[in-house]
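structure16.txt (compact mmCIF, C-alpha atoms and all ligand atoms) appears below.
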```
# COMPACT_ATOMS: atom_id res chain seq x y z
CA MET A 1 -27.39 -41.66 -23.35
CA SER A 2 -24.55 -42.01 -20.85
CA PHE A 3 -23.18 -45.42 -19.97
CA ASN A 4 -24.79 -46.88 -16.84
CA ALA A 5 -21.74 -48.59 -15.31
CA GLU A 6 -23.62 -49.94 -12.32
CA ALA A 7 -26.28 -51.70 -14.40
CA PHE A 8 -23.56 -53.04 -16.73
CA ILE A 9 -21.51 -54.43 -13.83
CA ARG A 10 -24.42 -56.03 -11.99
CA LYS A 11 -25.54 -58.15 -14.93
CA MET A 12 -22.27 -58.83 -16.76
CA PRO A 13 -20.97 -62.42 -16.88
CA LYS A 14 -18.09 -62.67 -14.39
CA ALA A 15 -15.29 -64.94 -13.24
CA GLU A 16 -13.57 -64.81 -9.85
CA LEU A 17 -10.00 -66.07 -9.48
CA HIS A 18 -9.00 -64.95 -5.98
CA ILE A 19 -11.40 -66.02 -3.26
CA HIS A 20 -10.55 -67.78 0.01
CA ILE A 21 -13.57 -69.92 0.81
CA GLU A 22 -12.95 -69.45 4.55
CA GLY A 23 -13.14 -65.69 3.91
CA THR A 24 -16.77 -66.02 2.80
CA LEU A 25 -17.89 -67.00 6.32
CA GLU A 26 -20.58 -64.42 7.10
CA PRO A 27 -21.13 -63.51 10.77
CA GLU A 28 -24.66 -64.98 10.63
CA MET A 29 -23.27 -68.35 9.53
CA MET A 30 -20.45 -68.09 12.08
CA MET A 31 -23.06 -67.80 14.87
CA GLU A 32 -25.20 -70.58 13.43
CA LEU A 33 -22.26 -73.00 13.07
CA ALA A 34 -20.96 -72.10 16.53
CA LYS A 35 -24.35 -73.16 17.89
CA ARG A 36 -24.50 -76.28 15.72
CA ASN A 37 -21.03 -77.40 16.83
CA GLY A 38 -20.97 -76.22 20.45
CA VAL A 39 -18.16 -73.71 19.85
CA THR A 40 -17.91 -70.69 22.14
CA LEU A 41 -17.21 -67.43 20.31
CA PRO A 42 -15.89 -64.25 21.95
CA TYR A 43 -18.98 -62.43 20.55
CA ASP A 44 -22.67 -62.53 21.45
CA THR A 45 -24.17 -60.91 18.36
CA VAL A 46 -23.65 -60.53 14.63
CA LYS A 47 -23.23 -56.80 15.22
CA GLU A 48 -20.34 -57.43 17.62
CA ILE A 49 -18.64 -59.69 15.08
CA ARG A 50 -18.90 -57.05 12.34
CA ALA A 51 -17.67 -54.36 14.72
CA ALA A 52 -14.48 -56.39 15.28
CA TYR A 53 -13.61 -56.18 11.57
CA GLN A 54 -11.32 -53.14 11.81
CA PHE A 55 -7.91 -54.07 10.48
CA GLY A 56 -4.65 -52.13 10.72
CA SER A 57 -2.72 -54.75 8.75
CA LEU A 58 -2.87 -58.17 7.11
CA GLN A 59 -1.92 -59.81 10.44
CA ASP A 60 -4.84 -58.13 12.30
CA PHE A 61 -7.19 -59.67 9.76
CA LEU A 62 -5.53 -63.09 9.78
CA ASP A 63 -5.89 -63.36 13.56
CA LEU A 64 -9.68 -63.00 13.22
CA TYR A 65 -9.83 -65.11 10.06
CA TYR A 66 -8.19 -68.10 11.79
CA ALA A 67 -10.34 -67.60 14.91
CA GLY A 68 -13.50 -67.53 12.74
CA MET A 69 -12.56 -70.85 11.12
CA SER A 70 -12.91 -72.63 14.48
CA VAL A 71 -16.67 -73.04 13.88
CA LEU A 72 -16.09 -75.14 10.73
CA LYS A 73 -15.98 -78.79 11.76
CA SER A 74 -17.97 -81.18 9.59
CA GLU A 75 -18.26 -81.89 5.88
CA ARG A 76 -21.74 -80.36 6.03
CA ASP A 77 -20.27 -77.09 7.42
CA PHE A 78 -17.85 -76.84 4.48
CA PHE A 79 -20.64 -77.68 2.06
CA ASP A 80 -22.92 -75.00 3.53
CA LEU A 81 -20.14 -72.39 3.52
CA THR A 82 -19.19 -73.08 -0.10
CA PHE A 83 -22.73 -73.40 -1.39
CA ALA A 84 -23.73 -70.08 0.21
CA TYR A 85 -20.87 -68.38 -1.66
CA LEU A 86 -21.83 -70.07 -4.94
CA THR A 87 -25.48 -69.11 -4.56
CA ARG A 88 -24.36 -65.53 -4.12
CA MET A 89 -22.13 -65.83 -7.18
CA HIS A 90 -25.04 -67.23 -9.20
CA GLN A 91 -27.11 -64.18 -8.23
CA GLU A 92 -24.24 -61.96 -9.46
CA ASN A 93 -24.04 -63.86 -12.78
CA THR A 94 -20.60 -65.28 -12.01
CA ARG A 95 -19.94 -68.11 -14.45
CA HIS A 96 -16.59 -69.46 -13.23
CA VAL A 97 -14.75 -69.47 -9.86
CA GLU A 98 -11.28 -70.57 -8.78
CA ILE A 99 -11.42 -71.18 -5.05
CA PHE A 100 -8.58 -71.20 -2.51
CA PHE A 101 -8.77 -73.24 0.63
CA ASP A 102 -6.36 -73.43 3.58
CA PRO A 103 -6.19 -77.09 4.69
CA GLN A 104 -3.61 -76.40 7.40
CA GLY A 105 -6.05 -73.98 9.07
CA HIS A 106 -8.24 -77.02 9.66
CA THR A 107 -5.90 -80.00 10.02
CA GLU A 108 -3.98 -78.08 12.73
CA ARG A 109 -7.15 -78.06 14.85
CA GLY A 110 -8.09 -81.68 14.24
CA VAL A 111 -10.42 -81.48 11.22
CA SER A 112 -9.33 -83.94 8.54
CA PHE A 113 -8.18 -82.90 5.08
CA ASP A 114 -10.86 -85.10 3.51
CA THR A 115 -13.69 -83.60 5.57
CA VAL A 116 -12.75 -80.16 4.24
CA LEU A 117 -12.20 -81.14 0.63
CA ASP A 118 -15.28 -83.40 0.46
CA GLY A 119 -17.55 -80.58 1.68
CA ILE A 120 -16.09 -77.97 -0.68
CA SER A 121 -15.98 -80.19 -3.75
CA SER A 122 -19.47 -81.52 -3.27
CA ALA A 123 -20.82 -77.93 -3.13
CA LEU A 124 -18.91 -77.10 -6.32
CA GLU A 125 -20.40 -80.13 -8.09
CA THR A 126 -23.91 -79.15 -6.95
CA ALA A 127 -23.38 -75.58 -8.19
CA GLN A 128 -22.19 -76.80 -11.57
CA ARG A 129 -25.34 -78.93 -11.85
CA GLU A 130 -27.81 -76.36 -10.52
CA TYR A 131 -26.27 -73.04 -11.63
CA GLY A 132 -23.89 -74.04 -14.44
CA ILE A 133 -20.97 -72.46 -12.55
CA THR A 134 -17.62 -74.04 -13.46
CA SER A 135 -14.77 -74.13 -10.94
CA ARG A 136 -11.23 -75.06 -9.98
CA ILE A 137 -9.87 -75.73 -6.49
CA ILE A 138 -6.49 -74.28 -5.50
CA MET A 139 -4.97 -75.55 -2.27
CA CYS A 140 -2.93 -72.94 -0.39
CA PHE A 141 0.07 -73.51 1.87
CA LEU A 142 0.15 -71.26 4.93
CA ARG A 143 3.46 -69.45 4.58
CA HIS A 144 3.89 -68.78 8.32
CA LEU A 145 4.10 -72.55 8.88
CA SER A 146 7.10 -74.76 8.08
CA GLU A 147 8.25 -76.30 4.82
CA GLU A 148 7.73 -79.69 6.51
CA SER A 149 4.08 -78.94 7.19
CA ALA A 150 3.63 -77.80 3.56
CA PHE A 151 5.14 -81.10 2.33
CA GLU A 152 2.76 -83.04 4.56
CA THR A 153 -0.16 -81.07 3.10
CA LEU A 154 1.06 -81.76 -0.43
CA THR A 155 0.96 -85.50 0.34
CA HIS A 156 -2.77 -85.17 1.01
CA ALA A 157 -3.28 -83.23 -2.22
CA CYS A 158 -1.51 -85.96 -4.18
CA ARG A 159 -4.26 -88.39 -3.13
CA CYS A 160 -6.87 -85.96 -4.48
CA LYS A 161 -5.41 -84.86 -7.81
CA ASN A 162 -8.70 -85.31 -9.57
CA ARG A 163 -10.19 -82.51 -7.45
CA ILE A 164 -7.28 -80.14 -6.72
CA PHE A 165 -6.05 -78.19 -9.72
CA GLY A 166 -3.37 -75.92 -8.33
CA VAL A 167 -1.35 -74.86 -5.32
CA GLY A 168 -1.12 -71.37 -3.81
CA LEU A 169 0.66 -69.57 -0.98
CA ASP A 170 -1.09 -67.29 1.50
CA SER A 171 -1.13 -65.98 5.12
CA SER A 172 1.44 -63.63 6.74
CA GLU A 173 3.65 -62.39 3.92
CA LYS A 174 6.36 -60.30 5.59
CA GLY A 175 9.27 -62.47 6.73
CA HIS A 176 8.01 -65.49 4.79
CA PRO A 177 9.40 -65.13 1.26
CA PRO A 178 8.30 -67.43 -1.55
CA SER A 179 11.79 -69.00 -1.64
CA LYS A 180 10.97 -70.69 1.70
CA PHE A 181 8.73 -72.99 -0.38
CA SER A 182 10.86 -73.53 -3.50
CA ARG A 183 11.27 -77.25 -2.87
CA VAL A 184 7.60 -77.82 -2.05
CA TYR A 185 6.55 -76.00 -5.23
CA ARG A 186 9.03 -77.99 -7.33
CA ALA A 187 7.49 -81.21 -5.97
CA ALA A 188 3.97 -79.85 -6.53
CA ARG A 189 4.75 -78.91 -10.14
CA GLU A 190 6.24 -82.35 -10.74
CA GLU A 191 2.97 -83.84 -9.47
CA GLY A 192 1.08 -81.75 -12.04
CA PHE A 193 -0.33 -78.98 -9.83
CA ILE A 194 -0.48 -75.49 -11.38
CA PRO A 195 1.38 -72.96 -9.18
CA VAL A 196 0.15 -69.52 -8.09
CA ALA A 197 1.14 -67.44 -5.03
CA HIS A 198 0.21 -64.34 -3.05
CA ALA A 199 3.08 -61.87 -3.48
CA GLY A 200 3.57 -58.13 -3.23
CA GLU A 201 0.48 -57.55 -1.07
CA GLU A 202 2.41 -56.33 1.99
CA GLY A 203 5.75 -57.90 1.03
CA PRO A 204 8.31 -56.23 -1.25
CA SER A 205 8.56 -56.46 -5.03
CA SER A 206 11.46 -58.92 -4.61
CA TYR A 207 8.88 -61.45 -3.32
CA VAL A 208 7.07 -61.15 -6.66
CA CYS A 209 10.38 -61.88 -8.44
CA GLU A 210 10.91 -64.91 -6.18
CA ALA A 211 7.40 -66.19 -6.86
CA LEU A 212 8.18 -66.05 -10.59
CA ASP A 213 11.77 -67.35 -10.45
CA ASP A 214 11.68 -69.85 -7.59
CA LEU A 215 8.06 -71.02 -7.56
CA LYS A 216 7.45 -70.58 -11.31
CA VAL A 217 3.92 -69.30 -10.70
CA GLN A 218 1.47 -68.82 -13.56
CA ARG A 219 -0.44 -66.03 -11.75
CA ILE A 220 0.39 -63.57 -8.99
CA ASP A 221 -2.24 -62.96 -6.32
CA HIS A 222 -2.31 -59.20 -5.51
CA GLY A 223 1.09 -58.07 -6.87
CA ASN A 224 0.49 -54.40 -5.95
CA ARG A 225 4.05 -53.77 -4.86
CA ALA A 226 5.46 -55.08 -8.14
CA LEU A 227 4.82 -51.54 -9.38
CA GLU A 228 7.78 -50.35 -7.29
CA ASP A 229 10.11 -52.10 -9.77
CA PRO A 230 9.65 -50.87 -13.38
CA SER A 231 11.74 -53.67 -14.87
CA LEU A 232 9.59 -56.23 -13.03
CA VAL A 233 6.44 -54.59 -14.41
CA ARG A 234 7.84 -54.88 -17.93
CA ARG A 235 8.63 -58.54 -17.29
CA ILE A 236 5.12 -59.31 -15.96
CA ALA A 237 3.64 -57.66 -19.06
CA ARG A 238 6.04 -59.46 -21.42
CA GLU A 239 5.44 -62.87 -19.84
CA LYS A 240 1.68 -62.23 -19.63
CA ILE A 241 1.49 -63.18 -15.94
CA PRO A 242 -1.98 -62.19 -14.71
CA LEU A 243 -2.47 -60.32 -11.41
CA THR A 244 -5.53 -61.05 -9.28
CA VAL A 245 -6.19 -57.69 -7.65
CA CYS A 246 -8.59 -57.23 -4.72
CA PRO A 247 -9.66 -53.60 -4.27
CA LEU A 248 -11.83 -53.78 -1.12
CA SER A 249 -9.28 -56.07 0.53
CA ASN A 250 -6.52 -53.57 -0.28
CA LYS A 251 -8.61 -50.83 1.28
CA ARG A 252 -9.56 -52.70 4.44
CA LEU A 253 -6.05 -54.10 5.06
CA GLN A 254 -4.49 -50.65 4.59
CA VAL A 255 -2.53 -51.83 1.53
CA CYS A 256 -4.28 -48.92 -0.20
CA PRO A 257 -6.62 -47.17 2.26
CA ASP A 258 -7.85 -44.66 -0.35
CA LEU A 259 -9.19 -46.40 -3.45
CA THR A 260 -8.86 -43.22 -5.52
CA LYS A 261 -5.10 -43.84 -5.21
CA HIS A 262 -5.32 -47.52 -6.13
CA PRO A 263 -2.65 -48.59 -8.70
CA LEU A 264 -5.12 -50.47 -10.92
CA ARG A 265 -4.98 -47.81 -13.65
CA GLN A 266 -1.17 -47.92 -13.75
CA MET A 267 -1.41 -51.71 -14.03
CA LEU A 268 -3.81 -51.46 -16.98
CA ASP A 269 -1.71 -48.74 -18.62
CA ALA A 270 1.38 -50.95 -18.30
CA GLY A 271 -0.45 -53.65 -20.28
CA LEU A 272 -0.81 -56.09 -17.37
CA ILE A 273 -3.54 -58.72 -17.36
CA VAL A 274 -5.32 -57.45 -14.25
CA THR A 275 -8.46 -59.02 -12.78
CA ILE A 276 -10.86 -57.87 -10.05
CA ASN A 277 -11.60 -60.16 -7.09
CA SER A 278 -13.01 -60.13 -3.58
CA ASP A 279 -10.37 -62.09 -1.56
CA ASP A 280 -12.35 -62.49 1.73
CA PRO A 281 -15.69 -60.82 1.02
CA SER A 282 -17.38 -61.33 4.37
CA TYR A 283 -14.47 -59.61 6.14
CA PHE A 284 -13.84 -56.83 3.61
CA GLY A 285 -17.34 -55.55 2.97
CA GLY A 286 -18.20 -56.83 -0.47
CA TYR A 287 -18.36 -59.66 -2.99
CA LEU A 288 -17.24 -59.51 -6.62
CA THR A 289 -19.88 -57.03 -7.81
CA GLU A 290 -19.14 -54.62 -4.95
CA ASN A 291 -15.43 -54.77 -5.78
CA PHE A 292 -16.16 -53.83 -9.40
CA LEU A 293 -18.52 -51.05 -8.30
CA ALA A 294 -16.10 -49.59 -5.74
CA ILE A 295 -13.05 -49.48 -8.00
CA THR A 296 -15.04 -48.22 -11.02
CA LYS A 297 -16.35 -45.34 -8.94
CA ALA A 298 -13.04 -44.53 -7.24
CA LEU A 299 -11.05 -44.48 -10.50
CA SER A 300 -13.87 -43.38 -12.86
CA LEU A 301 -13.18 -46.35 -15.10
CA ASP A 302 -14.80 -46.21 -18.54
CA ARG A 303 -16.66 -49.03 -20.27
CA HIS A 304 -13.59 -50.15 -22.22
CA GLN A 305 -11.54 -50.50 -19.05
CA LEU A 306 -14.41 -52.31 -17.34
CA ALA A 307 -14.82 -54.72 -20.22
CA THR A 308 -11.05 -55.36 -20.24
CA LEU A 309 -11.09 -56.19 -16.52
CA ALA A 310 -14.08 -58.50 -16.83
CA ARG A 311 -12.71 -60.25 -19.94
CA ASN A 312 -9.27 -60.62 -18.30
CA ALA A 313 -10.79 -62.87 -15.62
CA PHE A 314 -11.78 -65.42 -18.27
CA ILE A 315 -8.47 -65.01 -20.11
CA ALA A 316 -6.46 -65.47 -16.89
CA SER A 317 -8.56 -68.42 -15.70
CA PHE A 318 -7.42 -72.03 -15.85
CA LEU A 319 -10.30 -72.98 -18.14
CA PRO A 320 -9.39 -74.84 -21.35
CA ASP A 321 -8.96 -72.46 -24.34
CA GLN A 322 -12.22 -73.55 -25.94
CA ASP A 323 -14.22 -72.76 -22.77
CA LYS A 324 -12.42 -69.42 -22.41
CA GLN A 325 -13.45 -68.49 -25.93
CA LYS A 326 -17.08 -69.45 -25.27
CA ALA A 327 -17.11 -67.35 -22.10
CA LEU A 328 -15.52 -64.39 -23.91
CA ASP A 329 -18.03 -64.67 -26.75
CA ALA A 330 -20.86 -64.66 -24.19
CA PHE A 331 -19.35 -61.59 -22.53
CA ASP A 332 -19.00 -59.78 -25.86
CA ALA A 333 -22.61 -60.60 -26.77
CA TYR A 334 -23.73 -59.21 -23.41
CA ALA A 335 -21.71 -55.99 -23.87
CA LYS A 336 -23.02 -55.49 -27.41
CA GLY A 337 -26.62 -56.07 -26.27
CA PHE A 338 -26.20 -53.68 -23.35
CA LEU A 339 -24.99 -50.83 -25.55
N1 LIG B 401 -5.58 -65.46 3.54
C1 LIG B 401 -6.82 -65.03 3.33
N2 LIG B 401 -6.80 -63.81 2.78
C2 LIG B 401 -5.50 -63.46 2.62
C3 LIG B 401 -4.83 -62.34 2.11
N3 LIG B 401 -5.47 -61.28 1.63
N4 LIG B 401 -3.48 -62.33 2.12
C4 LIG B 401 -2.81 -63.38 2.60
N5 LIG B 401 -3.41 -64.46 3.10
C5 LIG B 401 -4.74 -64.52 3.10
ZN ZN B 402 -5.93 -63.66 -0.89
```
Turn the structure described in the file into structure tokens.
Ligand code: ADE
Ligand code: ZN
Amino acid sequence: MSFNAEAFIRKMPKAELHIHIEGTLEPEMMMELAKRNGVTLPYDTVKEIRAAYQFGSLQDFLDLYYAGMSVLKSERDFFDLTFAYLTRMHQENTRHVEIFFDPQGHTERGVSFDTVLDGISSALETAQREYGITSRIIMCFLRHLSEESAFETLTHACRCKNRIFGVGLDSSEKGHPPSKFSRVYRAAREEGFIPVAHAGEEGPSSYVCEALDDLKVQRIDHGNRALEDPSLVRRIAREKIPLTVCPLSNKRLQVCPDLTKHPLRQMLDAGLIVTINSDDPSYFGGYLTENFLAITKALSLDRHQLATLARNAFIASFLPDQDKQKALDAFDAYAKGFL
């Protein structure tokens, strides 16, 4: 009997390591929160919102992403947003999530840091209780804003160390190299935050080098363009730096418009610890399962490659070793039972 990849993917235990919680805002919720909070949107219907999601570049997307955030105002809004994502993840048998949030996208428009974090963390606690989903919160600095603004944001995080595990770097990549934030990251590391950063999505491979050398990141988010530098690829393999790859995002942001040409296979062949993620699922047309399905189909991945990708997410997570092993054992039991 041939291997039914779709059935295997749908039920397999999963972890997601690259998800912007603001990127899970579905058009239906955007309309509902706009009404709840008296915000006027430039759209009248859900269909109009979806129709606007045609992106020529990362910046095209970011413009809509920041505009969409304007409906998020209260702790309850952030709770509802986060819990909706976690309910979806529960339905997809996702066991662990590491969530990015963009505090500056909210503090800049008058919503307090604590309102945002309280809503997100209370949804994560509820999901752990009700669904058994474990989680980590990673606070991102917006790289198009100043070093000063990032330092101010870090001050807030330092008050909330019990809830924020790591720091990340996102938003417009070109022209905003990781080195712009070397001093902020040094301070963040000294405060005990685990560093990760988006690099090599649209920006050059040298930004991936900077993220490793200057920011001392433990994971690279995206990293596609690292493949342009063979010595860098060897280094990423040698140092076992995981890459959180986002296939549908890459397609929709024109990083890789044709998934049959996606570099995931080269990454696996080079021995990199690659994981599959959704990035901003409501904007890019699919959550974690859809990302696995799309890339498996486009690249005709076999069951060994699929199992490697799924296992890598637990290996690359920031779970303690004992919990990683338990999750891997559960995955292996699932795979054995399936076959
Ligand atoms: N913020 C949300 N999604 C992002 C992405 N794919 N790249 C950079 N910043 C982001
Ligand atoms: Zn991202």
Inset, instruction - Pick out the closest residue to ligand LIG 401 (chain B) from this set: A:Arg129, A:His144, A:Lys324, A:Arg109. Count only C-alpha atoms and all ligand atoms. - result: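 For ligand LIG 401 (chain B), the nearest of the candidates is A:His144.
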At a cut-off of 9 Å, can you tabulate as JSON lines every residue of chain A near ligand LIG 401 (chain B) together with its closest atom pair and the distance in Å to one decimal, using all atoms listed in the file and ordering rows by chain then number?
```
{"residue": "A:Ile19", "atom": "CA", "partner": "B:LIG401", "partner_atom": "N2", "distance": 7.9}
{"residue": "A:His20", "atom": "CA", "partner": "B:LIG401", "partner_atom": "C1", "distance": 5.7}
{"residue": "A:Ile21", "atom": "CA", "partner": "B:LIG401", "partner_atom": "C1", "distance": 8.7}
{"residue": "A:Glu22", "atom": "CA", "partner": "B:LIG401", "partner_atom": "C1", "distance": 7.7}
{"residue": "A:Gly23", "atom": "CA", "partner": "B:LIG401", "partner_atom": "C1", "distance": 6.4}
{"residue": "A:Leu58", "atom": "CA", "partner": "B:LIG401", "partner_atom": "N4", "distance": 6.5}
{"residue": "A:Gln59", "atom": "CA", "partner": "B:LIG401", "partner_atom": "C4", "distance": 8.7}
{"residue": "A:Phe61", "atom": "CA", "partner": "B:LIG401", "partner_atom": "N2", "distance": 8.1}
{"residue": "A:Leu62", "atom": "CA", "partner": "B:LIG401", "partner_atom": "N1", "distance": 6.7}
{"residue": "A:Tyr65", "atom": "CA", "partner": "B:LIG401", "partner_atom": "C1", "distance": 7.4}
{"residue": "A:Phe100", "atom": "CA", "partner": "B:LIG401", "partner_atom": "C1", "distance": 8.7}
{"residue": "A:Phe101", "atom": "CA", "partner": "B:LIG401", "partner_atom": "C1", "distance": 8.9}
{"residue": "A:Asp102", "atom": "CA", "partner": "B:LIG401", "partner_atom": "N1", "distance": 8.0}
{"residue": "A:Cys140", "atom": "CA", "partner": "B:LIG401", "partner_atom": "N1", "distance": 8.9}
{"residue": "A:Leu142", "atom": "CA", "partner": "B:LIG401", "partner_atom": "N5", "distance": 7.9}
{"residue": "A:Arg143", "atom": "CA", "partner": "B:LIG401", "partner_atom": "N5", "distance": 8.6}
{"residue": "A:Leu169", "atom": "CA", "partner": "B:LIG401", "partner_atom": "N5", "distance": 7.7}
{"residue": "A:Asp170", "atom": "CA", "partner": "B:LIG401", "partner_atom": "N5", "distance": 4.0}
{"residue": "A:Ser171", "atom": "CA", "partner": "B:LIG401", "partner_atom": "N5", "distance": 3.4}
{"residue": "A:Ser172", "atom": "CA", "partner": "B:LIG401", "partner_atom": "C4", "distance": 5.9}
{"residue": "A:Glu173", "atom": "CA", "partner": "B:LIG401", "partner_atom": "C4", "distance": 6.7}
{"residue": "A:His198", "atom": "CA", "partner": "B:LIG401", "partner_atom": "C4", "distance": 6.5}
{"residue": "A:Ala199", "atom": "CA", "partner": "B:LIG401", "partner_atom": "C4", "distance": 8.6}
{"residue": "A:Glu201", "atom": "CA", "partner": "B:LIG401", "partner_atom": "N4", "distance": 7.0}
{"residue": "A:Glu202", "atom": "CA", "partner": "B:LIG401", "partner_atom": "N4", "distance": 8.4}
{"residue": "A:Asp221", "atom": "CA", "partner": "B:LIG401", "partner_atom": "N4", "distance": 8.6}
{"residue": "A:His222", "atom": "CA", "partner": "B:LIG401", "partner_atom": "N3", "distance": 8.1}
{"residue": "A:Cys246", "atom": "CA", "partner": "B:LIG401", "partner_atom": "N3", "distance": 8.2}
{"residue": "A:Ser249", "atom": "CA", "partner": "B:LIG401", "partner_atom": "N3", "distance": 6.5}
{"residue": "A:Asn250", "atom": "CA", "partner": "B:LIG401", "partner_atom": "N3", "distance": 8.0}
{"residue": "A:Leu253", "atom": "CA", "partner": "B:LIG401", "partner_atom": "N3", "distance": 8.0}
{"residue": "A:Asp279", "atom": "CA", "partner": "B:LIG401", "partner_atom": "N2", "distance": 5.9}
{"residue": "A:Asp280", "atom": "CA", "partner": "B:LIG401", "partner_atom": "N2", "distance": 5.8}
```
Inset, instruction - Find the distance between CA of Asn277 in chain A and CA of His18 in chain A and write it in Å to one decimal. - result: 5.6 Å
Legend entry - Among the residues A:Phe113, A:Tyr185, A:Phe141, A:Phe78, the one that comes closest to ligand ZN 402 (chain B) [using only C-alpha atoms and all ligand atoms]: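 The shortest atom-to-atom distance to ligand ZN 402 (chain B) comes from A:Phe141.
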Who sits within 9 Å of Met69 in chain A, all atoms listed in the file, same chain under 3 positions skipped, as an mmCIF file with C-alpha atoms, in the frame of the given file:
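What landed in result_30.cif:
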```
data_model
loop_
_atom_site.group_PDB
_atom_site.id
_atom_site.type_symbol
_atom_site.label_atom_id
_atom_site.label_comp_id
_atom_site.auth_asym_id
_atom_site.auth_seq_id
_atom_site.Cartn_x
_atom_site.Cartn_y
_atom_site.Cartn_z
ATOM 1 C CA GLU A 22 -12.950 -69.450 4.550
ATOM 2 C CA GLY A 23 -13.140 -65.690 3.910
ATOM 3 C CA LEU A 25 -17.890 -67.000 6.320
ATOM 4 C CA MET A 30 -20.450 -68.090 12.080
ATOM 5 C CA LEU A 64 -9.680 -63.000 13.220
ATOM 6 C CA TYR A 65 -9.830 -65.110 10.060
ATOM 7 C CA TYR A 66 -8.190 -68.100 11.790
ATOM 8 C CA LEU A 72 -16.090 -75.140 10.730
ATOM 9 C CA LYS A 73 -15.980 -78.790 11.760
ATOM 10 C CA GLY A 105 -6.050 -73.980 9.070
ATOM 11 C CA HIS A 106 -8.240 -77.020 9.660
#
```
Where is the centre and how long are the edges: axis-aligned box on range 65-75 of chain A, 4 Å on each side, Å to one decimal, as JSON:
```
{"center_x": -13.2, "center_y": -73.5, "center_z": 10.4, "size_x": 18.1, "size_y": 24.8, "size_z": 17.0}
```
Legend entry - Closest of A:Leu309, A:Ala34, A:Ala52, A:Ile236 to Thr296 in chain A - atom-to-atom distances counting all atoms listed in the file: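 That would be A:Leu309, the residue with the smallest distance to Thr296 in chain A.
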Inset, instruction - Find the residues near Ala123 in chain A: any atom within 12 Å, counting all atoms listed in the file, skip ones fewer than 4 places away on the same chain, and give them as a ChimeraX atom specification. - result: /A:21,75-87,99,116-119,127-131,133-135,137
May I have the selected residues written with C-alpha atoms, as a short mmCIF file (atom, residue, chain, number, x, y, z; two decimals), in the frame of the given file?
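selection.cif, freshly written:
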```cif
data_model
loop_
_atom_site.label_atom_id
_atom_site.label_comp_id
_atom_site.auth_asym_id
_atom_site.auth_seq_id
_atom_site.Cartn_x
_atom_site.Cartn_y
_atom_site.Cartn_z
CA ILE A 21 -13.57 -69.92 0.81
CA GLU A 75 -18.26 -81.89 5.88
CA ARG A 76 -21.74 -80.36 6.03
CA ASP A 77 -20.27 -77.09 7.42
CA PHE A 78 -17.85 -76.84 4.48
CA PHE A 79 -20.64 -77.68 2.06
CA ASP A 80 -22.92 -75.00 3.53
CA LEU A 81 -20.14 -72.39 3.52
CA THR A 82 -19.19 -73.08 -0.10
CA PHE A 83 -22.73 -73.40 -1.39
CA ALA A 84 -23.73 -70.08 0.21
CA TYR A 85 -20.87 -68.38 -1.66
CA LEU A 86 -21.83 -70.07 -4.94
CA THR A 87 -25.48 -69.11 -4.56
CA ILE A 99 -11.42 -71.18 -5.05
CA VAL A 116 -12.75 -80.16 4.24
CA LEU A 117 -12.20 -81.14 0.63
CA ASP A 118 -15.28 -83.40 0.46
CA GLY A 119 -17.55 -80.58 1.68
CA ALA A 127 -23.38 -75.58 -8.19
CA GLN A 128 -22.19 -76.80 -11.57
CA ARG A 129 -25.34 -78.93 -11.85
CA GLU A 130 -27.81 -76.36 -10.52
CA TYR A 131 -26.27 -73.04 -11.63
CA ILE A 133 -20.97 -72.46 -12.55
CA THR A 134 -17.62 -74.04 -13.46
CA SER A 135 -14.77 -74.13 -10.94
CA ILE A 137 -9.87 -75.73 -6.49
#
```
Inset, instruction - Choose the residue, out of A:Tyr283, A:Arg159, A:Ser206, A:Glu125, that has the smallest atom-to-atom separation from ligand ZN 402 (chain B); count all atoms listed in the file. - result: A:Tyr283
Inset, instruction - Give me the residues within 10 Å of Glu239 in chain A as an MDAnalysis selection string, counting only C-alpha atoms and dropping any in the same chain fewer than 4 places off. - result: chainID A and resid 218 233:235 272
Inset, instruction - Rounded to one decimal place, report the CA of Thr126 in chain A-CA of Ser317 in chain A distance in Å. - result: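 Those two atoms sit 20.7 Å apart.
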Inset, instruction - Find, counting all atoms listed in the file, the residue in A:Gln322, A:Thr275, A:Thr115, A:Ser149 that gets nearest to Phe181 in chain A. - result: A:Ser149
Range 195-206 of chain A written out with C-alpha atoms as a PDB file, in the first residue's frame:
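Written file, result_10.pdb:
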```pdb
ATOM      1  CA  PRO A 195      18.086  35.397  20.692  1.00  0.00           C
ATOM      2  CA  VAL A 196      16.627  34.536  17.278  1.00  0.00           C
ATOM      3  CA  ALA A 197      16.207  36.749  14.185  1.00  0.00           C
ATOM      4  CA  HIS A 198      14.606  36.869  10.745  1.00  0.00           C
ATOM      5  CA  ALA A 199      17.450  36.880   8.212  1.00  0.00           C
ATOM      6  CA  GLY A 200      17.910  35.958   4.577  1.00  0.00           C
ATOM      7  CA  GLU A 201      14.205  36.189   3.712  1.00  0.00           C
ATOM      8  CA  GLU A 202      14.598  39.126   1.298  1.00  0.00           C
ATOM      9  CA  GLY A 203      17.944  40.337   2.647  1.00  0.00           C
ATOM     10  CA  PRO A 204      21.322  38.963   1.516  1.00  0.00           C
ATOM     11  CA  SER A 205      23.243  36.032   2.976  1.00  0.00           C
ATOM     12  CA  SER A 206      25.541  38.518   4.744  1.00  0.00           C
TER      13      SER A 206
END
```
